[in-house]
Each structure stands twice: as C-alpha cells, then as structure tokens.
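Containing compact mmCIF, C-alpha atoms: coords39.txt.
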# COMPACT_ATOMS: atom_id res chain seq x y z
CA MET E 1 16.40 -16.87 -16.20
CA SER E 2 12.68 -16.30 -15.81
CA GLN E 3 13.02 -13.44 -13.30
CA ALA E 4 15.30 -11.46 -15.55
CA VAL E 5 12.61 -11.23 -18.23
CA GLY E 6 9.72 -11.07 -15.76
CA GLN E 7 7.09 -13.56 -14.69
CA HIS E 8 5.19 -14.75 -17.71
CA HIS E 9 2.67 -17.57 -17.63
CA PRO E 10 -0.35 -18.62 -19.68
CA ILE E 11 -3.53 -16.69 -18.94
CA SER E 12 -5.47 -19.93 -18.48
CA VAL E 13 -3.55 -20.55 -15.22
CA TYR E 14 -4.76 -17.21 -13.81
CA LEU E 15 -8.33 -17.82 -14.93
CA LYS E 16 -8.41 -21.24 -13.27
CA VAL E 17 -7.02 -19.88 -10.00
CA TRP E 18 -9.44 -16.98 -10.17
CA ALA E 19 -12.40 -19.37 -10.53
CA LEU E 20 -11.05 -21.54 -7.72
CA LEU E 21 -10.80 -18.50 -5.42
CA PHE E 22 -14.45 -17.68 -6.12
CA VAL E 23 -15.49 -21.24 -5.30
CA LEU E 24 -13.45 -21.30 -2.08
CA SER E 25 -14.85 -17.91 -0.97
CA THR E 26 -18.38 -19.09 -1.63
CA MET E 27 -17.72 -22.23 0.40
CA SER E 28 -16.34 -20.30 3.37
CA TYR E 29 -19.38 -18.01 3.21
CA LEU E 30 -21.66 -21.07 3.19
CA VAL E 31 -19.98 -22.31 6.39
CA ASP E 32 -21.47 -19.24 8.08
CA TYR E 33 -24.74 -19.36 6.14
CA PHE E 34 -25.53 -22.93 7.22
CA HIS E 35 -24.50 -22.16 10.83
CA PHE E 36 -21.88 -24.87 11.19
CA GLN E 37 -20.53 -24.72 14.74
CA GLY E 38 -17.68 -25.98 16.86
CA TYR E 39 -14.71 -27.90 15.48
CA LEU E 40 -16.38 -28.49 12.09
CA ARG E 41 -16.72 -24.73 11.56
CA TRP E 42 -13.14 -24.08 12.62
CA THR E 43 -11.67 -26.83 10.49
CA LEU E 44 -13.55 -25.72 7.37
CA VAL E 45 -12.83 -22.01 7.86
CA LEU E 46 -9.11 -22.63 8.36
CA ILE E 47 -8.82 -25.08 5.45
CA PHE E 48 -10.50 -22.64 3.04
CA MET E 49 -8.40 -19.76 4.42
CA PHE E 50 -5.09 -21.56 3.90
CA LEU E 51 -6.11 -22.84 0.45
CA LYS E 52 -7.02 -19.31 -0.66
CA ALA E 53 -3.88 -17.80 0.83
CA GLY E 54 -1.76 -20.51 -0.79
CA LEU E 55 -3.29 -19.94 -4.21
CA ILE E 56 -2.84 -16.17 -4.04
CA VAL E 57 0.77 -16.38 -2.86
CA SER E 58 1.90 -19.21 -5.13
CA ILE E 59 0.15 -18.29 -8.39
CA PHE E 60 -0.86 -14.61 -8.31
CA MET E 61 2.32 -13.55 -6.51
CA HIS E 62 4.37 -16.05 -8.56
CA ILE E 63 6.09 -17.65 -5.59
CA ALA E 64 5.66 -21.07 -7.21
CA TRP E 65 8.10 -19.97 -9.91
CA GLU E 66 10.58 -18.04 -7.74
CA ARG E 67 13.93 -19.43 -6.63
CA LEU E 68 14.20 -21.29 -3.35
CA ALA E 69 16.40 -18.54 -1.86
CA VAL E 70 13.48 -16.09 -2.25
CA ILE E 71 10.98 -18.58 -0.84
CA TYR E 72 13.13 -19.08 2.28
CA LEU E 73 13.54 -15.31 2.66
CA LEU E 74 9.75 -14.98 2.82
CA ALA E 75 8.78 -18.20 4.59
CA ILE E 76 11.24 -18.44 7.48
CA PRO E 77 10.74 -15.07 9.33
CA PRO E 78 6.96 -15.61 9.74
CA LEU E 79 7.73 -18.73 11.82
CA ALA E 80 8.33 -16.25 14.66
CA ILE E 81 4.67 -15.27 14.32
CA VAL E 82 3.62 -18.88 14.90
CA VAL E 83 5.56 -18.83 18.18
CA LEU E 84 3.87 -15.55 19.14
CA ILE E 85 0.42 -17.01 18.42
CA ILE E 86 1.11 -20.07 20.60
CA LEU E 87 2.45 -17.93 23.47
CA MET E 88 -0.45 -15.49 23.29
CA SER E 89 -3.09 -18.20 23.25
CA MET E 90 -1.58 -19.71 26.42
CA GLU E 91 -1.44 -16.25 27.97
CA SER E 92 -5.06 -15.43 27.11
CA ASP E 93 -6.24 -18.78 28.48
CA TYR E 94 -4.56 -17.86 31.74
CA THR E 95 -6.05 -14.34 31.71
CA PHE E 96 -9.50 -15.82 31.09
CA PHE E 97 -9.02 -18.23 33.99
CA THR E 98 -7.93 -15.54 36.47
CA ARG E 99 -10.68 -13.17 35.33
CA ASN E 100 -13.28 -15.85 35.99
CA LEU E 101 -11.71 -16.45 39.38
CA PHE E 102 -11.81 -12.72 40.19
CA PHE E 103 -15.35 -12.11 38.97
CA GLY E 104 -16.52 -15.40 40.50
CA ILE E 105 -18.34 -16.59 37.41
CA MET F 1 24.94 -9.47 -15.02
CA SER F 2 24.85 -11.69 -18.10
CA ALA F 3 28.26 -13.15 -17.20
CA ASN F 4 26.80 -13.84 -13.77
CA MET F 5 23.96 -15.81 -15.29
CA GLN F 6 26.28 -17.74 -17.60
CA GLU F 7 28.29 -18.82 -14.61
CA LYS F 8 25.19 -19.91 -12.72
CA GLU F 9 24.13 -22.31 -15.39
CA GLU F 10 27.30 -24.33 -14.97
CA ILE F 11 26.73 -25.05 -11.28
CA ASN F 12 23.82 -26.84 -9.64
CA ASN F 13 20.93 -24.40 -9.39
CA ASP F 14 18.21 -26.49 -7.78
CA GLY F 15 17.11 -27.07 -4.20
CA TRP F 16 19.41 -26.44 -1.27
CA ASP F 17 22.49 -26.23 -3.53
CA GLY F 18 20.77 -23.34 -5.29
CA VAL F 19 20.25 -21.50 -1.99
CA VAL F 20 23.91 -21.95 -1.04
CA ASN F 21 25.08 -20.85 -4.48
CA ASP F 22 22.86 -17.76 -4.46
CA TRP F 23 24.20 -16.63 -1.08
CA ALA F 24 27.79 -17.64 -1.74
CA SER F 25 30.64 -15.65 -3.37
CA ASP F 26 30.72 -12.04 -4.37
CA ARG F 27 27.57 -11.54 -6.37
CA GLN F 28 23.92 -10.49 -6.33
CA THR F 29 21.94 -12.87 -4.12
CA PHE F 30 18.46 -12.31 -5.50
CA ASP F 31 18.28 -12.32 -9.27
CA MET F 32 15.39 -9.88 -9.64
CA PRO F 33 14.91 -6.12 -10.15
CA TRP F 34 15.75 -4.25 -6.93
CA GLY F 35 12.28 -2.70 -6.82
CA LYS F 36 10.72 -6.15 -6.72
CA LEU F 37 13.01 -7.32 -3.92
CA MET F 38 12.30 -4.15 -1.93
CA MET F 39 8.57 -4.68 -2.39
CA TRP F 40 8.91 -8.25 -1.11
CA ILE F 41 10.81 -7.06 1.96
CA PHE F 42 8.19 -4.37 2.58
CA LEU F 43 5.44 -6.98 2.27
CA LEU F 44 7.29 -9.24 4.71
CA SER F 45 7.37 -6.41 7.27
CA ASP F 46 3.70 -5.70 6.59
CA THR F 47 2.95 -9.37 7.22
CA PHE F 48 4.35 -8.87 10.72
CA ILE F 49 2.23 -5.77 11.33
CA PHE F 50 -1.02 -7.49 10.35
CA SER F 51 -0.06 -10.68 12.18
CA ILE F 52 0.53 -8.71 15.36
CA PHE F 53 -2.88 -7.00 15.02
CA LEU F 54 -4.60 -10.33 14.46
CA THR F 55 -2.72 -11.98 17.32
CA GLY F 56 -3.67 -9.08 19.59
CA TYR F 57 -7.29 -9.53 18.51
CA MET F 58 -7.08 -13.25 19.28
CA THR F 59 -5.65 -12.51 22.73
CA VAL F 60 -8.34 -10.02 23.77
CA ARG F 61 -11.10 -12.19 22.31
CA MET F 62 -9.99 -15.39 24.03
CA SER F 63 -9.64 -13.63 27.38
CA ALA F 64 -12.86 -11.57 27.13
CA VAL F 65 -15.37 -12.41 29.85
CA ALA F 66 -18.24 -10.45 28.26
CA ASP F 67 -20.07 -11.84 25.22
CA TRP F 68 -18.45 -11.27 21.84
CA PRO F 69 -20.94 -9.91 19.25
CA ASN F 70 -22.10 -12.41 16.63
CA SER F 71 -20.42 -11.06 13.49
CA SER F 72 -22.83 -13.03 11.31
CA GLU F 73 -25.70 -10.88 12.63
CA VAL F 74 -23.81 -7.61 13.07
CA PHE F 75 -22.82 -7.55 9.41
CA ALA F 76 -26.11 -8.85 8.01
CA LEU F 77 -28.04 -6.87 5.41
CA THR F 78 -31.77 -6.71 4.82
CA ILE F 79 -32.52 -6.50 1.13
CA ALA F 80 -36.13 -6.46 -0.11
CA GLY F 81 -37.34 -7.81 3.21
CA GLN F 82 -34.81 -10.69 3.09
CA HIS F 83 -32.44 -10.90 6.04
CA ILE F 84 -29.12 -12.26 4.76
CA PRO F 85 -26.28 -12.83 7.25
CA LEU F 86 -22.80 -11.45 6.54
CA LEU F 87 -23.87 -10.39 3.04
CA LEU F 88 -21.92 -7.13 2.92
CA ILE F 89 -18.67 -8.86 3.84
CA ALA F 90 -19.27 -11.59 1.26
CA ILE F 91 -19.75 -8.95 -1.46
CA MET F 92 -16.58 -7.14 -0.34
CA THR F 93 -14.67 -10.45 -0.47
CA PHE F 94 -15.84 -11.16 -4.01
CA ILE F 95 -14.99 -7.63 -5.14
CA LEU F 96 -11.45 -7.95 -3.81
CA ILE F 97 -10.94 -11.36 -5.46
CA THR F 98 -12.23 -9.99 -8.76
CA SER F 99 -9.78 -7.10 -8.50
CA SER F 100 -6.96 -9.56 -7.81
CA GLY F 101 -7.88 -11.41 -10.99
CA THR F 102 -7.87 -8.26 -13.12
CA MET F 103 -4.50 -7.32 -11.60
CA ALA F 104 -2.99 -10.71 -12.47
CA MET F 105 -4.20 -10.25 -16.05
CA ALA F 106 -2.74 -6.73 -16.13
CA VAL F 107 0.72 -8.11 -15.23
CA ASN F 108 0.40 -10.66 -18.01
CA PHE F 109 -0.62 -8.12 -20.65
CA ALA F 110 2.06 -5.68 -19.51
CA TYR F 111 4.81 -8.19 -20.29
CA GLN F 112 3.17 -8.76 -23.69
CA GLY F 113 3.57 -5.03 -24.28
CA LYS F 114 -0.16 -4.40 -24.67
CA ARG F 115 -0.30 -0.98 -23.05
CA ARG F 116 -3.94 -0.15 -23.55
CA THR F 117 -5.24 -3.47 -22.20
CA THR F 118 -2.86 -3.19 -19.23
CA PHE F 119 -4.07 0.34 -18.52
CA LEU F 120 -7.73 -0.68 -18.67
CA LEU F 121 -7.19 -3.73 -16.44
CA MET F 122 -5.26 -1.68 -13.86
CA LEU F 123 -7.95 0.98 -13.99
CA SER F 124 -10.69 -1.58 -13.32
CA THR F 125 -8.60 -3.01 -10.47
CA ALA F 126 -8.40 0.47 -8.95
CA LEU F 127 -12.13 1.04 -9.40
CA LEU F 128 -12.97 -2.28 -7.73
CA GLY F 129 -10.61 -1.32 -4.90
CA ALA F 130 -12.31 2.06 -4.55
CA SER F 131 -15.73 0.39 -4.36
CA PHE F 132 -14.35 -1.88 -1.63
CA VAL F 133 -13.31 1.17 0.40
CA GLY F 134 -16.75 2.69 -0.24
CA MET F 135 -18.46 -0.39 1.18
CA GLN F 136 -16.14 -0.32 4.15
CA ALA F 137 -17.13 3.30 4.80
CA PHE F 138 -20.78 2.15 4.69
CA GLU F 139 -20.00 -0.69 7.10
CA TRP F 140 -18.21 1.65 9.53
CA THR F 141 -21.06 4.17 9.38
CA LYS F 142 -23.58 1.43 10.14
CA LEU F 143 -21.55 0.24 13.12
CA ILE F 144 -20.78 3.70 14.52
CA VAL F 145 -24.13 5.44 13.93
CA ASP F 146 -26.69 2.61 14.14
CA GLU F 147 -25.04 0.18 16.53
CA GLY F 148 -23.12 2.71 18.65
CA VAL F 149 -19.83 0.81 18.55
CA ARG F 150 -16.75 2.80 19.58
CA PRO F 151 -13.08 1.81 19.84
CA TRP F 152 -13.49 1.91 23.63
CA SER F 153 -17.03 0.61 24.05
CA ASN F 154 -19.59 -1.69 22.51
CA PRO F 155 -23.26 -1.90 23.51
CA MET F 156 -23.48 -5.46 22.13
CA GLY F 157 -21.00 -6.97 24.59
CA ALA F 158 -17.21 -7.11 24.86
CA ALA F 159 -15.64 -3.63 24.53
CA GLN F 160 -12.58 -5.17 22.84
CA PHE F 161 -14.71 -5.84 19.74
CA GLY F 162 -14.69 -2.16 18.78
CA ALA F 163 -10.96 -1.72 19.36
CA SER F 164 -9.96 -4.74 17.26
CA PHE F 165 -12.53 -4.08 14.54
CA PHE F 166 -11.59 -0.46 13.89
CA MET F 167 -7.86 -1.13 14.18
CA ILE F 168 -7.73 -4.15 11.88
CA THR F 169 -10.24 -3.18 9.20
CA GLY F 170 -9.08 0.44 9.36
CA PHE F 171 -5.48 -0.50 8.72
CA HIS F 172 -6.51 -2.82 5.92
CA GLY F 173 -8.74 -0.13 4.39
CA LEU F 174 -5.81 2.26 4.53
CA HIS F 175 -3.76 -0.25 2.55
CA VAL F 176 -6.53 -0.59 -0.05
CA THR F 177 -6.77 3.20 -0.37
CA ALA F 178 -3.00 3.53 -0.80
CA GLY F 179 -3.14 0.70 -3.33
CA VAL F 180 -5.81 2.47 -5.38
CA ILE F 181 -3.66 5.61 -5.57
CA TYR F 182 -0.55 3.55 -6.41
CA LEU F 183 -2.45 1.68 -9.14
CA LEU F 184 -3.81 4.86 -10.69
CA VAL F 185 -0.37 6.49 -10.82
CA ILE F 186 1.29 3.46 -12.41
CA ALA F 187 -1.65 2.80 -14.77
CA ASN F 188 -1.48 6.36 -16.05
CA ARG F 189 2.26 6.05 -16.64
CA VAL F 190 1.71 2.78 -18.52
CA ARG F 191 -0.85 4.53 -20.69
CA ARG F 192 1.59 7.35 -21.48
CA GLY F 193 4.31 4.86 -22.45
CA TYR F 194 6.61 5.86 -19.59
CA TYR F 195 7.88 2.27 -19.19
CA GLU F 196 8.52 1.49 -22.86
CA GLU F 197 12.28 1.66 -22.30
CA LYS F 198 12.46 0.75 -18.61
CA GLY F 199 10.45 -2.45 -18.98
CA TYR F 200 7.23 -3.50 -17.30
CA HIS F 201 8.50 -4.98 -14.03
CA ILE F 202 6.74 -2.14 -12.25
CA VAL F 203 3.33 -3.64 -13.10
CA GLU F 204 4.36 -6.94 -11.53
CA ILE F 205 5.60 -5.06 -8.43
CA THR F 206 2.33 -3.13 -8.15
CA GLY F 207 0.57 -6.47 -8.57
CA LEU F 208 2.51 -7.94 -5.63
CA TYR F 209 1.26 -5.14 -3.39
CA TRP F 210 -2.32 -5.52 -4.56
CA HIS F 211 -2.36 -9.31 -4.16
CA PHE F 212 -0.95 -8.86 -0.67
CA VAL F 213 -3.88 -6.60 0.24
CA ASP F 214 -6.21 -9.36 -0.98
CA LEU F 215 -4.20 -11.93 0.98
CA VAL F 216 -4.58 -9.98 4.21
CA TRP F 217 -8.34 -9.78 3.60
CA VAL F 218 -8.49 -13.59 3.32
CA PHE F 219 -7.14 -13.80 6.88
CA ILE F 220 -9.33 -10.98 8.22
CA PHE F 221 -12.41 -12.54 6.60
CA ALA F 222 -11.72 -15.97 8.14
CA LEU F 223 -10.46 -14.89 11.56
CA PHE F 224 -12.55 -11.80 12.28
CA TYR F 225 -15.83 -12.36 10.45
CA LEU F 226 -16.15 -16.16 10.45
CA TRP F 227 -14.84 -16.91 13.95

Go ahead and express the file in the form of structure tokens.
Amino acid sequence: MSQAVGQHHPISVYLKVWALLFVLSTMSYLVDYFHFQGYLRWTLVLIFMFLKAGLIVSIFMHIAWERLAVIYLLAIPPLAIVVLIILMSMESDYTFFTRNLFFGI
Amino acid sequence: MSANMQEKEEINNDGWDGVVNDWASDRQTFDMPWGKLMMWIFLLSDTFIFSIFLTGYMTVRMSAVADWPNSSEVFALTIAGQHIPLLLIAIMTFILITSSGTMAMAVNFAYQGKRRTTFLLMLSTALLGASFVGMQAFEWTKLIVDEGVRPWSNPMGAAQFGASFFMITGFHGLHVTAGVIYLLVIANRVRRGYYEEKGYHIVEITGLYWHFVDLVWVFIFALFYLW
C-alpha cells in the first residue's frame, strides 16, 4: 500500500502545481490591482482562494492519494464551520441593523 | 501488519466499501504511521482555531458601523517613488508559496534517500519562512508606529480592524515561527542520518505542517487582505 512506503510521486507533478499556485496568486493580486469591485471581486477572490487551497491540500498534502476513510476524517468535521459561518453572518446582519437603528444612521 | 495488508487485498478496498472495511473488525483503521495520523488530527483542530478567528473577524466586520480601512492602501509600499498597492502582502504570499514548493521537493528527495538534497531543501524552506516572519515584523511595526493601530483602537476607522488583524496574523506568524524551528530541528537530524533506520516519514509529516501554514495564509490573504 502506498502509505506504508510513504507518498512518492513524480517531481513534475509538484513543479506543475507550484507554477499553477504562482499563477493563481498573481491573478488574485491583480483582482486588487485593477480595483475590481462588488460581486465580480468577490467571485474571483473566492474562486482563486478555493483553487489554491484545493491544490495545496490535494497535491502538496497528498490527500488526492489518501484513502477515503482519511478524506472523510478530515472533510466532515469542518462542515460544522460552514454552519457557524452561516449563523454568524445572519447574526452580524442583525447586529448591523440594530446598531443603525440605535445610532439613527 | 503485513498479514493485515494481505487480508485487505482480498476484500473490496474502494469507495464506501473501503471506508466500512477500514473501520470494521479488530484492526488498525488508518494505515499510516501514527505520527502522520496525529499530525493530521492536530491540523484538523488547528483548522477549527483559524476558522473561528476568521469567522469572528467576519462577524465584527459585517456588523461594524464605522468605516473599515482599505487594506489595499494600508498595506501599500512606495518603492522608488512608485506607489504599489498591497505589494508587501503579495511578496509575502509568493515567499510562502515558494517555501511550500521547496518543502514538497524535500519530501520527495527524502523518500529517495538523498539526505543532502533533502537537508538543503528543508533549510531553504526554513529560511524562506524566517524571511516571511521578518516581513511580518516590518508590517506590524509600520502599522503600530506609523499608523497608530492598536488591538483596541484604530485611527483609520473601525476599532475592530486592529483586534482582528493582530489576532489573526499574529497567530499565523506564531505558526510560521514554530514551523521554522521544527524544520530546522528535523533538517539537522536528516543531515546527521538520524532517520536512516527509522525511515523518512518524518519529512512528510513536517511537510504536512508546513503546507498547512501556507494553506491558512491562502485564506487570510483572500479574506483579510482582498475583502
């Protein structure tokens, strides 16, 4: 089994991912440099963020080659974080609303 | 353990059946060195810590009534009369990605048994990490001394900016610093041949930690600096 002897993959894979990470970082920097605003900015920033994160986790951290049991161990608990983010964004919307009401803006 | 593996090859190992088989019966669930599994569980818990910081930052930022400072301008650098927005953070991002690449190569060469190359790659990873921390110190100094930002106040607008900035980047910088020390210790042991008999899983485990630090920076870069 691959894990028993350690993760071993051709160097060309790492070099390609490395280059891709540079390109993606440059592109997310350019989003700021060209002053994209609104939904376009958000969409691009999040797409580049998830692509970079996915590449690092799957290739550099070898998750693409790990067994499904390991992938579930790492992927399922963070779903709780998604719930937290949704709850907190609703809560902060409400806080913002009541603050505006209080300060009369 | 070899009998265990023999047995596994006879039953279906893929997909959901593989998950059930790995968790079923009286045997080791995760077929990997214990150090690697423990590192993964540590990284999972660290994921929660950073997620909670970033969620807290989102909450205070979305509910802030005062203006949030424009990070593009706050972190701009003026070089040779040219005003370039967010330049320092871009350089830090590229440094961290470069260090992630050298770390991935180090893992590869370690399993090939090339000790000297592994040592040099880990050393350069550590040096790149140290330069990242140096730039962060510069960034903090600029913000504290020149801009007057404090964890409890911020002359540029919303006070919550200081609290989230120092907490999030500080905790990340702490991780980078710890990673540099960890890398140097392991790299030196690799150089001395300490792992010749134990095997080179430790380099892969160190690599997991280092890539995680880079991963966290991807999220901080997008959510804190580009928002």

Please, which residues in chain E fall within 9 Å of chain F when counting all atoms listed in the file, and what is the closest atom pair and distance in Å to one decimal for each, ordered by chain then residue number, as JSON lines?
{"residue": "E:Met1", "atom": "CA", "partner": "F:Met5", "partner_atom": "CA", "distance": 7.7}
{"residue": "E:Gln3", "atom": "CA", "partner": "F:Met32", "partner_atom": "CA", "distance": 5.6}
{"residue": "E:Ala4", "atom": "CA", "partner": "F:Met32", "partner_atom": "CA", "distance": 6.1}
{"residue": "E:Val5", "atom": "CA", "partner": "F:His201", "partner_atom": "CA", "distance": 8.6}
{"residue": "E:Gly6", "atom": "CA", "partner": "F:His201", "partner_atom": "CA", "distance": 6.4}
{"residue": "E:Gln7", "atom": "CA", "partner": "F:Glu204", "partner_atom": "CA", "distance": 7.8}
{"residue": "E:His8", "atom": "CA", "partner": "F:Asn108", "partner_atom": "CA", "distance": 6.3}
{"residue": "E:His9", "atom": "CA", "partner": "F:Asn108", "partner_atom": "CA", "distance": 7.3}
{"residue": "E:Pro10", "atom": "CA", "partner": "F:Asn108", "partner_atom": "CA", "distance": 8.2}
{"residue": "E:Ile11", "atom": "CA", "partner": "F:Met105", "partner_atom": "CA", "distance": 7.1}
{"residue": "E:Tyr14", "atom": "CA", "partner": "F:Ala104", "partner_atom": "CA", "distance": 6.9}
{"residue": "E:Leu15", "atom": "CA", "partner": "F:Gly101", "partner_atom": "CA", "distance": 7.5}
{"residue": "E:Val17", "atom": "CA", "partner": "F:Gly101", "partner_atom": "CA", "distance": 8.6}
{"residue": "E:Trp18", "atom": "CA", "partner": "F:Gly101", "partner_atom": "CA", "distance": 5.8}
{"residue": "E:Leu21", "atom": "CA", "partner": "F:Ile97", "partner_atom": "CA", "distance": 7.1}
{"residue": "E:Phe22", "atom": "CA", "partner": "F:Phe94", "partner_atom": "CA", "distance": 7.0}
{"residue": "E:Ser25", "atom": "CA", "partner": "F:Phe94", "partner_atom": "CA", "distance": 7.5}
{"residue": "E:Thr26", "atom": "CA", "partner": "F:Ala90", "partner_atom": "CA", "distance": 8.1}
{"residue": "E:Ser28", "atom": "CA", "partner": "F:Ala222", "partner_atom": "CA", "distance": 7.9}
{"residue": "E:Tyr29", "atom": "CA", "partner": "F:Ala90", "partner_atom": "CA", "distance": 6.7}
{"residue": "E:Val31", "atom": "CA", "partner": "F:Leu226", "partner_atom": "CA", "distance": 8.3}
{"residue": "E:Asp32", "atom": "CA", "partner": "F:Leu226", "partner_atom": "CA", "distance": 6.6}
{"residue": "E:Tyr33", "atom": "CA", "partner": "F:Pro85", "partner_atom": "CA", "distance": 6.8}
{"residue": "E:Arg41", "atom": "CA", "partner": "F:Trp227", "partner_atom": "CA", "distance": 8.4}
{"residue": "E:Trp42", "atom": "CA", "partner": "F:Trp227", "partner_atom": "CA", "distance": 7.5}
{"residue": "E:Val45", "atom": "CA", "partner": "F:Ala222", "partner_atom": "CA", "distance": 6.1}
{"residue": "E:Leu46", "atom": "CA", "partner": "F:Ala222", "partner_atom": "CA", "distance": 7.2}
{"residue": "E:Phe48", "atom": "CA", "partner": "F:Ala222", "partner_atom": "CA", "distance": 8.5}
{"residue": "E:Met49", "atom": "CA", "partner": "F:Ala222", "partner_atom": "CA", "distance": 6.3}
{"residue": "E:Phe50", "atom": "CA", "partner": "F:Phe219", "partner_atom": "CA", "distance": 8.6}
{"residue": "E:Lys52", "atom": "CA", "partner": "F:Val218", "partner_atom": "CA", "distance": 7.1}
{"residue": "E:Ala53", "atom": "CA", "partner": "F:Leu215", "partner_atom": "CA", "distance": 5.9}
{"residue": "E:Ile56", "atom": "CA", "partner": "F:Leu215", "partner_atom": "CA", "distance": 6.7}
{"residue": "E:Val57", "atom": "CA", "partner": "F:Leu215", "partner_atom": "CA", "distance": 7.7}
{"residue": "E:Phe60", "atom": "CA", "partner": "F:Ala104", "partner_atom": "CA", "distance": 6.1}
{"residue": "E:Met61", "atom": "CA", "partner": "F:Leu208", "partner_atom": "CA", "distance": 5.7}
{"residue": "E:His62", "atom": "CA", "partner": "F:Leu208", "partner_atom": "CA", "distance": 8.8}
{"residue": "E:Arg67", "atom": "CA", "partner": "F:Gly18", "partner_atom": "CA", "distance": 8.0}
{"residue": "E:Leu68", "atom": "CA", "partner": "F:Val19", "partner_atom": "CA", "distance": 6.2}
{"residue": "E:Ala69", "atom": "CA", "partner": "F:Val19", "partner_atom": "CA", "distance": 4.9}
{"residue": "E:Val70", "atom": "CA", "partner": "F:Phe30", "partner_atom": "CA", "distance": 7.0}
{"residue": "E:Tyr72", "atom": "CA", "partner": "F:Val19", "partner_atom": "CA", "distance": 8.6}
{"residue": "E:Leu73", "atom": "CA", "partner": "F:Ile41", "partner_atom": "CA", "distance": 8.7}
{"residue": "E:Leu74", "atom": "CA", "partner": "F:Leu44", "partner_atom": "CA", "distance": 6.5}
{"residue": "E:Pro77", "atom": "CA", "partner": "F:Leu44", "partner_atom": "CA", "distance": 8.2}
{"residue": "E:Pro78", "atom": "CA", "partner": "F:Phe48", "partner_atom": "CA", "distance": 7.3}
{"residue": "E:Ile81", "atom": "CA", "partner": "F:Ser51", "partner_atom": "CA", "distance": 6.9}
{"residue": "E:Leu84", "atom": "CA", "partner": "F:Thr55", "partner_atom": "CA", "distance": 7.7}
{"residue": "E:Ile85", "atom": "CA", "partner": "F:Thr55", "partner_atom": "CA", "distance": 6.0}
{"residue": "E:Met88", "atom": "CA", "partner": "F:Thr59", "partner_atom": "CA", "distance": 6.0}
{"residue": "E:Ser89", "atom": "CA", "partner": "F:Thr59", "partner_atom": "CA", "distance": 6.3}
{"residue": "E:Glu91", "atom": "CA", "partner": "F:Thr59", "partner_atom": "CA", "distance": 7.7}
{"residue": "E:Ser92", "atom": "CA", "partner": "F:Ser63", "partner_atom": "CA", "distance": 4.9}
{"residue": "E:Asp93", "atom": "CA", "partner": "F:Ser63", "partner_atom": "CA", "distance": 6.3}
{"residue": "E:Tyr94", "atom": "CA", "partner": "F:Ser63", "partner_atom": "CA", "distance": 7.9}
{"residue": "E:Thr95", "atom": "CA", "partner": "F:Ser63", "partner_atom": "CA", "distance": 5.7}
{"residue": "E:Phe96", "atom": "CA", "partner": "F:Ser63", "partner_atom": "CA", "distance": 4.3}
{"residue": "E:Phe97", "atom": "CA", "partner": "F:Ser63", "partner_atom": "CA", "distance": 8.1}
{"residue": "E:Arg99", "atom": "CA", "partner": "F:Val65", "partner_atom": "CA", "distance": 7.3}
{"residue": "E:Asn100", "atom": "CA", "partner": "F:Val65", "partner_atom": "CA", "distance": 7.3}

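With atom CA of F:Val180 on one side and atom CA of F:Ser99 on the other, the separation reads 10.8 Å.
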
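The coordinates place atom CA of E:Ile76 at 26.6 Å from atom CA of E:Leu24.
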
One decimal, in Å: what's the spacing between atom CA of F:Leu128 and atom CA of F:Gly148? 28.7 Å

Which residues are near E:Ala64? Cut-off 10 Å, all atoms listed in the file, ignore same chain within fewer than 6 positions. Put them as a PyMOL selection string. chain E and resi 54-55+57-58+71

Export, as a PDB file, in the frame of the given file, the selected residues with C-alpha atoms.
ATOM      1  CA  GLY E  54      -1.760 -20.510  -0.790  1.00  0.00           C
ATOM      2  CA  LEU E  55      -3.290 -19.940  -4.210  1.00  0.00           C
ATOM      3  CA  VAL E  57       0.770 -16.380  -2.860  1.00  0.00           C
ATOM      4  CA  SER E  58       1.900 -19.210  -5.130  1.00  0.00           C
ATOM      5  CA  ILE E  71      10.980 -18.580  -0.840  1.00  0.00           C
TER       6      ILE E  71
END

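For the choices F:Leu183, F:Ala178, F:Met156, F:Val145, the atom-to-atom distance to F:Ser124 is smallest for F:Leu183 when using all atoms listed in the file.
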
Stretch 21-33 of chain E, all listed atoms, 4 Å padding on each side: what axis-aligned box centre and edge lengths in Å to one decimal come out, as AutoDock Vina command-line options?
--center_x -17.8 --center_y -20.0 --center_z 1.0 --size_x 21.9 --size_y 12.6 --size_z 22.2
